[in-house]
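**Student:** Handing over structure_39.csv, CSV, C-alpha atoms.
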```csv
chain,number,residue,atom,x,y,z
V,812,MET,CA,18.7,2.9,-8.3
V,813,LEU,CA,20.0,3.6,-4.8
V,814,LYS,CA,22.8,1.3,-3.6
V,815,LEU,CA,22.8,-0.1,0.0
V,816,ALA,CA,25.9,-1.4,1.8
V,817,ALA,CA,25.7,-3.7,4.8
V,818,ASN,CA,27.8,-2.6,7.7
V,819,LEU,CA,29.2,-5.9,8.9
V,820,ASP,CA,30.1,-4.6,12.4
V,821,TRP,CA,26.5,-3.7,13.0
V,822,LEU,CA,24.5,-6.2,11.0
V,823,TYR,CA,24.6,-10.0,11.2
V,824,THR,CA,26.2,-9.9,14.6
V,825,GLU,CA,24.5,-13.2,15.4
V,826,LEU,CA,27.1,-14.7,13.2
V,827,PRO,CA,31.0,-14.9,13.4
V,828,PHE,CA,32.5,-12.0,11.5
V,829,LEU,CA,33.7,-13.9,8.4
V,830,ASP,CA,30.3,-15.6,8.0
V,831,ARG,CA,28.6,-12.2,7.7
V,832,PHE,CA,29.7,-11.7,4.1
V,833,ALA,CA,27.8,-14.7,2.8
V,834,ALA,CA,24.7,-13.7,4.9
V,835,ALA,CA,24.8,-10.2,3.3
V,836,ALA,CA,25.1,-11.6,-0.2
V,837,ARG,CA,22.2,-14.0,0.4
V,838,ASP,CA,20.0,-11.1,1.5
V,839,GLY,CA,20.8,-9.2,-1.7
V,840,PHE,CA,23.5,-6.8,-0.7
V,841,SER,CA,26.2,-6.2,-3.3
V,842,ALA,CA,28.3,-4.0,-1.1
V,843,VAL,CA,29.5,-3.9,2.5
V,844,GLU,CA,31.4,-1.6,4.8
V,845,ILE,CA,33.6,-2.5,7.8
V,846,LEU,CA,34.5,-0.2,10.7
V,847,PHE,CA,37.9,-1.7,11.6
V,848,PRO,CA,38.9,-4.8,9.6
V,849,TYR,CA,42.4,-5.1,10.9
V,850,ALA,CA,41.9,-7.8,13.5
V,851,HIS,CA,40.2,-10.2,11.0
V,852,GLY,CA,43.1,-10.6,8.6
V,853,LEU,CA,43.4,-9.0,5.2
V,854,GLU,CA,43.6,-12.3,3.2
V,855,ALA,CA,40.6,-13.7,5.0
V,856,ILE,CA,38.5,-10.6,4.2
V,857,ARG,CA,39.7,-10.5,0.6
V,858,ALA,CA,38.7,-14.2,0.1
V,859,GLN,CA,35.2,-13.5,1.5
V,860,LEU,CA,34.7,-10.5,-0.8
V,861,GLN,CA,35.8,-12.4,-3.8
V,862,ALA,CA,33.8,-15.5,-2.9
V,863,GLN,CA,30.6,-13.6,-2.3
V,864,ARG,CA,31.1,-11.1,-5.1
V,865,LEU,CA,30.9,-8.2,-2.7
V,866,GLN,CA,32.4,-4.7,-3.0
V,867,LEU,CA,33.9,-3.2,0.1
V,868,VAL,CA,33.0,0.5,-0.2
V,869,LEU,CA,34.2,1.9,3.2
V,870,LEU,CA,36.6,1.2,6.0
V,871,ASN,CA,37.8,3.3,8.9
V,872,ALA,CA,41.4,4.2,9.5
V,873,PRO,CA,42.7,2.8,12.8
V,874,PRO,CA,41.3,5.1,15.6
V,875,GLY,CA,44.1,4.7,18.2
V,876,ASP,CA,43.5,2.7,21.3
V,877,TRP,CA,39.7,2.1,21.2
V,878,ALA,CA,39.7,0.0,24.4
V,879,ALA,CA,41.3,2.9,26.2
V,880,GLY,CA,38.6,5.3,24.9
V,881,GLU,CA,40.3,6.8,21.8
V,882,ARG,CA,38.0,7.6,18.9
V,883,GLY,CA,40.5,8.8,16.3
V,884,LEU,CA,43.8,10.6,16.2
V,885,ALA,CA,43.4,13.5,13.7
V,886,CYS,CA,42.8,16.3,16.3
V,887,LEU,CA,45.2,15.0,19.0
V,888,PRO,CA,48.3,17.1,19.6
V,889,GLY,CA,51.4,15.0,20.0
V,890,ARG,CA,50.0,12.1,18.1
V,891,GLU,CA,50.9,13.1,14.6
V,892,ALA,CA,53.3,10.2,14.0
V,893,ASP,CA,50.6,7.7,15.2
V,894,PHE,CA,48.1,9.4,12.9
V,895,ARG,CA,50.4,9.0,9.9
V,896,THR,CA,51.0,5.3,10.7
V,897,ALA,CA,47.3,4.8,10.9
V,898,ILE,CA,46.7,6.4,7.5
V,899,GLU,CA,49.5,4.3,6.0
V,900,GLN,CA,47.9,1.2,7.3
V,901,ALA,CA,44.4,2.2,6.1
V,902,THR,CA,45.6,3.1,2.6
V,903,ALA,CA,47.5,-0.3,2.4
V,904,TRP,CA,44.4,-2.2,3.4
V,905,ALA,CA,42.0,-0.2,1.2
V,906,SER,CA,44.3,-0.7,-1.8
V,907,ALA,CA,44.6,-4.4,-1.2
V,908,LEU,CA,40.8,-4.8,-0.8
V,909,ALA,CA,39.8,-2.5,-3.7
V,910,CYS,CA,38.0,-0.3,-1.2
V,911,PRO,CA,37.7,3.3,-2.6
V,912,ARG,CA,37.1,5.3,0.6
V,913,ILE,CA,38.5,5.6,4.1
V,914,HIS,CA,36.7,7.3,7.0
V,915,VAL,CA,39.1,9.3,9.1
V,916,MET,CA,37.8,9.8,12.7
V,917,ALA,CA,38.6,13.1,14.2
V,918,GLY,CA,39.0,12.0,17.8
V,919,LEU,CA,37.9,13.4,21.1
V,920,LEU,CA,38.6,17.0,22.0
V,921,PRO,CA,41.5,16.9,24.5
V,922,ALA,CA,40.6,17.8,28.1
V,923,GLY,CA,40.6,21.5,28.6
V,924,ALA,CA,41.2,22.3,24.9
V,925,GLU,CA,39.1,24.5,22.7
V,926,ARG,CA,38.0,23.4,19.2
V,927,ALA,CA,39.5,26.5,17.7
V,928,ASN,CA,42.9,25.7,19.2
V,929,VAL,CA,43.2,22.1,17.8
V,930,GLN,CA,41.4,22.8,14.5
V,931,PRO,CA,44.6,23.8,12.7
V,932,LEU,CA,46.2,20.5,13.6
V,933,TYR,CA,43.1,18.6,12.4
V,934,ILE,CA,43.2,20.4,9.1
V,935,ALA,CA,46.9,19.8,8.7
V,936,ASN,CA,46.5,16.1,9.4
V,937,LEU,CA,43.6,15.8,7.0
V,938,ARG,CA,45.6,17.6,4.3
V,939,TRP,CA,48.5,15.2,4.7
V,940,ALA,CA,46.1,12.2,4.7
V,941,ALA,CA,44.3,13.4,1.6
V,942,GLU,CA,47.6,13.7,-0.3
V,943,ARG,CA,48.7,10.3,0.8
V,944,ALA,CA,45.3,8.8,-0.1
V,945,ALA,CA,45.3,10.5,-3.5
V,946,ALA,CA,48.6,9.0,-4.3
V,947,ALA,CA,47.0,5.6,-3.8
V,948,GLY,CA,43.9,6.6,-5.9
V,949,LEU,CA,41.7,6.6,-2.8
V,950,ALA,CA,39.2,9.1,-1.2
V,951,LEU,CA,38.7,10.1,2.4
V,952,SER,CA,35.6,11.1,4.3
V,953,ILE,CA,34.9,12.8,7.7
V,954,GLU,CA,31.7,12.3,9.7
V,955,PRO,CA,30.0,14.5,12.3
V,956,ILE,CA,29.1,12.3,15.3
V,957,ASN,CA,26.6,13.2,18.0
V,958,GLY,CA,27.8,14.0,21.5
V,959,ARG,CA,25.2,11.8,23.2
V,960,ASP,CA,26.7,8.6,21.8
V,961,MET,CA,30.3,9.8,21.7
V,962,SER,CA,30.8,12.5,24.3
V,963,GLY,CA,33.5,15.0,23.5
V,964,TYR,CA,33.9,14.1,19.8
V,965,PHE,CA,35.6,17.0,17.9
V,966,LEU,CA,33.2,17.0,14.9
V,967,ASN,CA,29.5,17.2,15.5
V,968,ARG,CA,27.8,19.4,12.9
V,969,GLN,CA,27.4,19.2,9.1
V,970,ASP,CA,28.3,22.9,8.5
V,971,HIS,CA,31.5,22.4,10.5
V,972,ALA,CA,32.4,19.4,8.5
V,973,LEU,CA,31.8,21.3,5.2
V,974,GLU,CA,33.9,24.2,6.5
V,975,ILE,CA,36.8,21.8,7.2
V,976,ILE,CA,36.5,20.1,3.8
V,977,ASP,CA,36.6,23.5,2.1
V,978,THR,CA,39.6,24.6,4.2
V,979,VAL,CA,41.6,21.4,3.5
V,980,GLY,CA,40.8,22.0,-0.2
V,981,ALA,CA,41.5,18.4,-1.3
V,982,PRO,CA,39.2,17.0,-4.1
V,983,ASN,CA,39.3,13.5,-2.6
V,984,LEU,CA,38.0,14.6,0.8
V,985,GLY,CA,34.2,14.4,1.3
V,986,LEU,CA,31.4,14.4,3.8
V,987,GLN,CA,30.1,11.2,5.4
V,988,MET,CA,26.6,12.0,6.4
V,989,ASP,CA,25.0,9.7,9.0
V,990,TRP,CA,21.3,10.6,9.2
V,991,TYR,CA,21.1,9.2,12.8
V,992,HIS,CA,23.8,11.5,14.1
V,993,CYS,CA,22.6,14.5,12.1
V,994,GLN,CA,19.0,14.1,13.3
V,995,ILE,CA,20.1,13.9,17.0
V,996,VAL,CA,22.4,17.0,16.7
V,997,GLU,CA,20.6,19.3,14.4
V,998,GLY,CA,17.8,17.8,12.2
V,999,ASP,CA,16.7,19.6,9.0
V,1000,LEU,CA,18.1,16.7,7.0
V,1001,SER,CA,16.5,17.5,3.6
V,1002,HIS,CA,18.1,20.9,3.5
V,1003,LYS,CA,21.5,19.6,4.6
V,1004,LEU,CA,21.4,16.9,2.0
V,1005,ARG,CA,20.6,19.4,-0.7
V,1006,ARG,CA,23.4,21.7,0.5
V,1007,ALA,CA,26.0,18.9,0.6
V,1008,VAL,CA,25.0,17.6,-2.9
V,1009,ALA,CA,25.0,21.1,-4.4
V,1010,ALA,CA,28.5,21.7,-3.0
V,1011,GLY,CA,29.7,18.5,-4.5
V,1012,ARG,CA,30.8,17.2,-1.1
V,1013,LEU,CA,28.4,14.3,-0.2
V,1014,ALA,CA,30.6,11.2,-0.4
V,1015,HIS,CA,28.8,8.6,1.7
V,1016,VAL,CA,25.6,8.2,3.6
V,1017,GLN,CA,24.6,6.1,6.6
V,1018,VAL,CA,21.2,5.3,8.0
V,1019,ALA,CA,19.6,4.2,11.2
V,1020,ALA,CA,16.4,5.0,13.1
V,1021,VAL,CA,16.2,7.7,15.7
V,1022,PRO,CA,16.2,7.4,18.7
V,1023,ASP,CA,16.9,3.7,19.1
V,1024,ARG,CA,19.3,3.2,16.2
V,1025,GLY,CA,17.3,0.2,14.9
V,1026,GLU,CA,16.1,-0.4,11.4
V,1027,PRO,CA,15.1,3.0,9.8
V,1028,ASP,CA,11.5,2.1,9.3
V,1029,GLN,CA,10.4,3.5,12.7
V,1030,GLY,CA,11.0,6.6,14.8
V,1031,GLU,CA,11.6,10.2,13.9
V,1032,LEU,CA,13.0,9.9,10.4
V,1033,ARG,CA,10.9,9.5,7.3
V,1034,VAL,CA,13.5,7.3,5.6
V,1035,GLU,CA,11.4,6.8,2.5
V,1036,HIS,CA,11.3,10.6,1.9
V,1037,LEU,CA,15.1,10.9,2.4
V,1038,LEU,CA,15.9,8.0,0.1
V,1039,ALA,CA,13.6,9.5,-2.6
V,1040,LEU,CA,15.3,12.8,-2.1
V,1041,LEU,CA,18.8,11.2,-2.5
V,1042,ASP,CA,17.5,9.6,-5.8
V,1043,GLU,CA,16.1,12.9,-7.0
V,1044,LEU,CA,19.4,14.6,-6.3
V,1045,GLY,CA,21.3,12.1,-8.3
V,1046,TYR,CA,23.4,10.7,-5.5
V,1047,GLN,CA,25.7,8.0,-6.9
V,1048,GLY,CA,27.4,6.8,-3.7
V,1049,HIS,CA,26.3,4.0,-1.3
V,1050,ILE,CA,24.1,4.1,1.7
V,1051,GLY,CA,25.6,2.3,4.7
V,1052,CYS,CA,23.1,0.3,6.8
V,1053,GLU,CA,24.8,1.1,10.2
V,1054,TYR,CA,22.1,0.1,12.7
V,1055,LYS,CA,21.3,-2.3,15.5
V,1056,PRO,CA,18.7,-4.8,14.2
V,1057,ARG,CA,15.8,-5.2,16.6
V,1058,ALA,CA,15.7,-9.0,15.9
V,1059,GLY,CA,17.5,-10.9,13.3
V,1060,THR,CA,19.2,-8.9,10.5
V,1061,ALA,CA,17.3,-10.6,7.6
V,1062,ALA,CA,14.0,-10.3,9.4
V,1063,GLY,CA,14.4,-6.5,9.6
V,1064,LEU,CA,15.2,-5.8,6.0
V,1065,GLY,CA,11.6,-5.3,4.8
V,1066,TRP,CA,12.3,-1.5,4.4
V,1067,ALA,CA,15.3,-2.2,2.1
V,1068,ARG,CA,14.0,-5.0,-0.1
V,1069,ARG,CA,13.2,-2.7,-3.1
V,1070,TYR,CA,16.9,-1.7,-3.2
V,1071,LEU,CA,18.4,-5.2,-2.9
V,1072,LYS,CA,19.0,-7.9,-5.4
V,1073,PRO,CA,16.7,-10.9,-5.4
V,1074,ALA,CA,17.9,-13.3,-2.7
V,1075,GLN,CA,20.4,-15.9,-4.0
V,1076,ALA,CA,19.4,-19.5,-4.0
```
Go ahead and render the structure in this file as C-alpha cells.

**Tutor:**
Amino acid sequence: MLKLAANLDWLYTELPFLDRFAAAARDGFSAVEILFPYAHGLEAIRAQLQAQRLQLVLLNAPPGDWAAGERGLACLPGREADFRTAIEQATAWASALACPRIHVMAGLLPAGAERANVQPLYIANLRWAAERAAAAGLALSIEPINGRDMSGYFLNRQDHALEIIDTVGAPNLGLQMDWYHCQIVEGDLSHKLRRAVAAGRLAHVQVAAVPDRGEPDQGELRVEHLLALLDELGYQGHIGCEYKPRAGTAAGLGWARRYLKPAQA
C-alpha cells in the first residue's frame, strides 16, 4: 500500500506549527515531512513526533539566507564552508529525529554563470555531503524545481538530476521527484517514473495539482493513474503531500482517504 506523508509547512497552515502534528495524525497520516524545522526547536518537534506516533521521513538542509533570496548553497562558489555547516546541522537534526532522508537544495545559478561552469562544484559538494550523511546512516535527495516558481534554480529537469546522481556515484543519493515541478517543466511523468525506478534512483515523491498547486484531484495530472503506476512499479518510499489546500486541509483529503489510516477517535 502506498504511503503518504503530510508536509507540515504546506498542510494545516490554519494551525500553529506544533499543533499540525496532531491534526495530521487525526486525519490518518503516519508520516510527515518538514521543509526547515530548525526554528521550531528540536526537542519540541521530537516530542510531537513521539506523542502522535509519527515518522519524520524528510527534512531539508538549511538553504542559506531564505529571506534574502537564497534557495540552497550547493552550487554557489565561495560558500563551501557554509554548505558544509548546513549539512552538519541537517545530519545532526535528522539523526536526532530519526529522519532517514535530507533534501539538499542546489541553489540559484549565480548571476552571469553558466550551469556547466558551476556543475563541478555542485557535484563535489554533493559527494562530500553524501559521504557525511552515509557516516550517519542517512540518505540524501536532490529535486528538480521549475523555473516559474523558483526563477534561476540550478536543477530543473529529471534527466539532469539523474546525470548528477550517476556522476556523484553515492549509493545514498537519490532523486526527489515532485510531480508538480516535473509536469510544469517537461511532463511525460509516467515514462520518467519508470526510468527513475528502473535506474534504482527514485527516493522520494511529492504531489500537488497543476497548475494551481492545490489538492491533486483537479487539473492536468491524473493522480490516480500515477499512484497506481507507483504501486505497480513497487515503489517503497513515501509520497509527500506538498500542496496548498483550497480550503481546510482535512476537507480536501478525499482523494487520499484510501491511503490513510482510519481517523483516530

**Student:** Of the residues V:Thr978, V:Gln861, V:Asn967, V:Gln1029, which is the one nearest to V:Arg938, using only C-alpha atoms?

**Tutor:**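 The closest residue to V:Arg938 is V:Thr978.
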
**Student:** Please list as a PDB file with C-alpha atoms, in the frame of the given file every residue within 6 Å of V:Pro1056, counting only C-alpha atoms and excluding residues in the same chain fewer than 3 positions away.

**Tutor:**
```pdb
ATOM      1  CA  GLY V1025      17.300   0.200  14.900  1.00  0.00           C
ATOM      2  CA  GLU V1026      16.100  -0.400  11.400  1.00  0.00           C
ATOM      3  CA  THR V1060      19.200  -8.900  10.500  1.00  0.00           C
TER       4      THR V1060
END
```

**Student:** Compute the distance from (17.9, -3.5, -5.6) to each atom, counting only C-alpha atoms, keep the residues with any atom at most 12 Å away, and return them as number ranges by chain; use the coordinates of the file.

**Tutor:** V: 812-816, 838-842, 1066-1074

**Student:** Under the rule that all atoms listed in the file are counted, which of V:Leu822, V:Ala922, V:Leu865, V:Leu829 is the nearest residue to V:Ala1058?

**Tutor:**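 Closest residue, counting all atoms listed in the file: V:Leu822.
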
**Student:** Atom CA of V:Asp1023 and atom CA of V:Leu846 are how many Å apart?

**Tutor:**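 About the pair atom CA of V:Asp1023 and atom CA of V:Leu846: they are 19.9 Å apart.
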
**Student:** What is the atom CA of V:Asn936-atom CA of V:Phe847 distance in Å, reported with one decimal?

**Tutor:** 19.9 Å

**Student:** Please output stretch 858-879 of chain V, rebuilt to include N, CA, C and O atoms, as a JSON list (two decimals), keeping the file's coordinate frame.

**Tutor:**
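Below you can see selection.json, which holds the result:
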```json
[["chain", "number", "residue", "atom", "x", "y", "z"],
["V", 858, "ALA", "N", 39.29, -12.91, 0.63],
["V", 858, "ALA", "CA", 38.70, -14.20, 0.10],
["V", 858, "ALA", "C", 37.19, -14.13, 0.23],
["V", 858, "ALA", "O", 36.50, -14.60, -0.68],
["V", 859, "GLN", "N", 36.66, -13.58, 1.31],
["V", 859, "GLN", "CA", 35.20, -13.50, 1.50],
["V", 859, "GLN", "C", 34.59, -12.55, 0.45],
["V", 859, "GLN", "O", 33.53, -12.82, -0.13],
["V", 860, "LEU", "N", 35.22, -11.41, 0.24],
["V", 860, "LEU", "CA", 34.70, -10.50, -0.80],
["V", 860, "LEU", "C", 34.66, -11.09, -2.14],
["V", 860, "LEU", "O", 33.68, -10.95, -2.87],
["V", 861, "GLN", "N", 35.71, -11.81, -2.48],
["V", 861, "GLN", "CA", 35.80, -12.40, -3.80],
["V", 861, "GLN", "C", 34.76, -13.57, -3.91],
["V", 861, "GLN", "O", 34.04, -13.68, -4.92],
["V", 862, "ALA", "N", 34.67, -14.41, -2.88],
["V", 862, "ALA", "CA", 33.80, -15.50, -2.90],
["V", 862, "ALA", "C", 32.31, -15.13, -3.03],
["V", 862, "ALA", "O", 31.52, -15.78, -3.71],
["V", 863, "GLN", "N", 31.97, -14.04, -2.34],
["V", 863, "GLN", "CA", 30.60, -13.60, -2.30],
["V", 863, "GLN", "C", 30.27, -12.50, -3.34],
["V", 863, "GLN", "O", 29.15, -11.99, -3.39],
["V", 864, "ARG", "N", 31.29, -12.11, -4.11],
["V", 864, "ARG", "CA", 31.10, -11.10, -5.10],
["V", 864, "ARG", "C", 30.60, -9.78, -4.53],
["V", 864, "ARG", "O", 29.66, -9.16, -5.03],
["V", 865, "LEU", "N", 31.24, -9.39, -3.46],
["V", 865, "LEU", "CA", 30.90, -8.20, -2.70],
["V", 865, "LEU", "C", 31.94, -7.10, -2.94],
["V", 865, "LEU", "O", 33.13, -7.41, -3.03],
["V", 866, "GLN", "N", 31.51, -5.86, -2.94],
["V", 866, "GLN", "CA", 32.40, -4.70, -3.00],
["V", 866, "GLN", "C", 32.52, -4.11, -1.60],
["V", 866, "GLN", "O", 31.49, -3.81, -0.97],
["V", 867, "LEU", "N", 33.73, -3.93, -1.11],
["V", 867, "LEU", "CA", 33.90, -3.20, 0.10],
["V", 867, "LEU", "C", 34.02, -1.70, -0.25],
["V", 867, "LEU", "O", 34.89, -1.30, -1.01],
["V", 868, "VAL", "N", 33.08, -0.89, 0.28],
["V", 868, "VAL", "CA", 33.00, 0.50, -0.20],
["V", 868, "VAL", "C", 33.50, 1.49, 0.89],
["V", 868, "VAL", "O", 33.69, 2.67, 0.58],
["V", 869, "LEU", "N", 33.73, 1.03, 2.13],
["V", 869, "LEU", "CA", 34.20, 1.90, 3.20],
["V", 869, "LEU", "C", 34.85, 1.16, 4.29],
["V", 869, "LEU", "O", 34.35, 0.10, 4.70],
["V", 870, "LEU", "N", 35.99, 1.66, 4.74],
["V", 870, "LEU", "CA", 36.60, 1.20, 6.00],
["V", 870, "LEU", "C", 37.10, 2.41, 6.75],
["V", 870, "LEU", "O", 37.27, 3.49, 6.19],
["V", 871, "ASN", "N", 37.33, 2.21, 8.05],
["V", 871, "ASN", "CA", 37.80, 3.30, 8.90],
["V", 871, "ASN", "C", 39.35, 3.16, 9.05],
["V", 871, "ASN", "O", 39.87, 2.03, 9.15],
["V", 872, "ALA", "N", 40.03, 4.27, 9.12],
["V", 872, "ALA", "CA", 41.40, 4.20, 9.50],
["V", 872, "ALA", "C", 41.50, 3.83, 11.00],
["V", 872, "ALA", "O", 40.57, 4.09, 11.77],
["V", 873, "PRO", "N", 42.57, 3.19, 11.42],
["V", 873, "PRO", "CA", 42.70, 2.80, 12.80],
["V", 873, "PRO", "C", 42.50, 4.06, 13.73],
["V", 873, "PRO", "O", 43.04, 5.14, 13.45],
["V", 874, "PRO", "N", 41.71, 3.93, 14.81],
["V", 874, "PRO", "CA", 41.30, 5.10, 15.60],
["V", 874, "PRO", "C", 42.19, 5.35, 16.83],
["V", 874, "PRO", "O", 41.83, 6.16, 17.67],
["V", 875, "GLY", "N", 43.33, 4.66, 16.94],
["V", 875, "GLY", "CA", 44.10, 4.70, 18.20],
["V", 875, "GLY", "C", 43.67, 3.55, 19.07],
["V", 875, "GLY", "O", 43.24, 2.51, 18.58],
["V", 876, "ASP", "N", 43.79, 3.74, 20.36],
["V", 876, "ASP", "CA", 43.50, 2.70, 21.30],
["V", 876, "ASP", "C", 41.99, 2.76, 21.68],
["V", 876, "ASP", "O", 41.60, 3.46, 22.61],
["V", 877, "TRP", "N", 41.17, 2.02, 20.96],
["V", 877, "TRP", "CA", 39.70, 2.10, 21.20],
["V", 877, "TRP", "C", 39.35, 1.61, 22.56],
["V", 877, "TRP", "O", 38.50, 2.21, 23.22],
["V", 878, "ALA", "N", 39.98, 0.56, 23.03],
["V", 878, "ALA", "CA", 39.70, 0.00, 24.40],
["V", 878, "ALA", "C", 39.95, 1.03, 25.46],
["V", 878, "ALA", "O", 39.29, 1.04, 26.51],
["V", 879, "ALA", "N", 40.91, 1.90, 25.23],
["V", 879, "ALA", "CA", 41.30, 2.90, 26.20],
["V", 879, "ALA", "C", 40.43, 4.20, 26.02],
["V", 879, "ALA", "O", 40.63, 5.19, 26.74]]
```
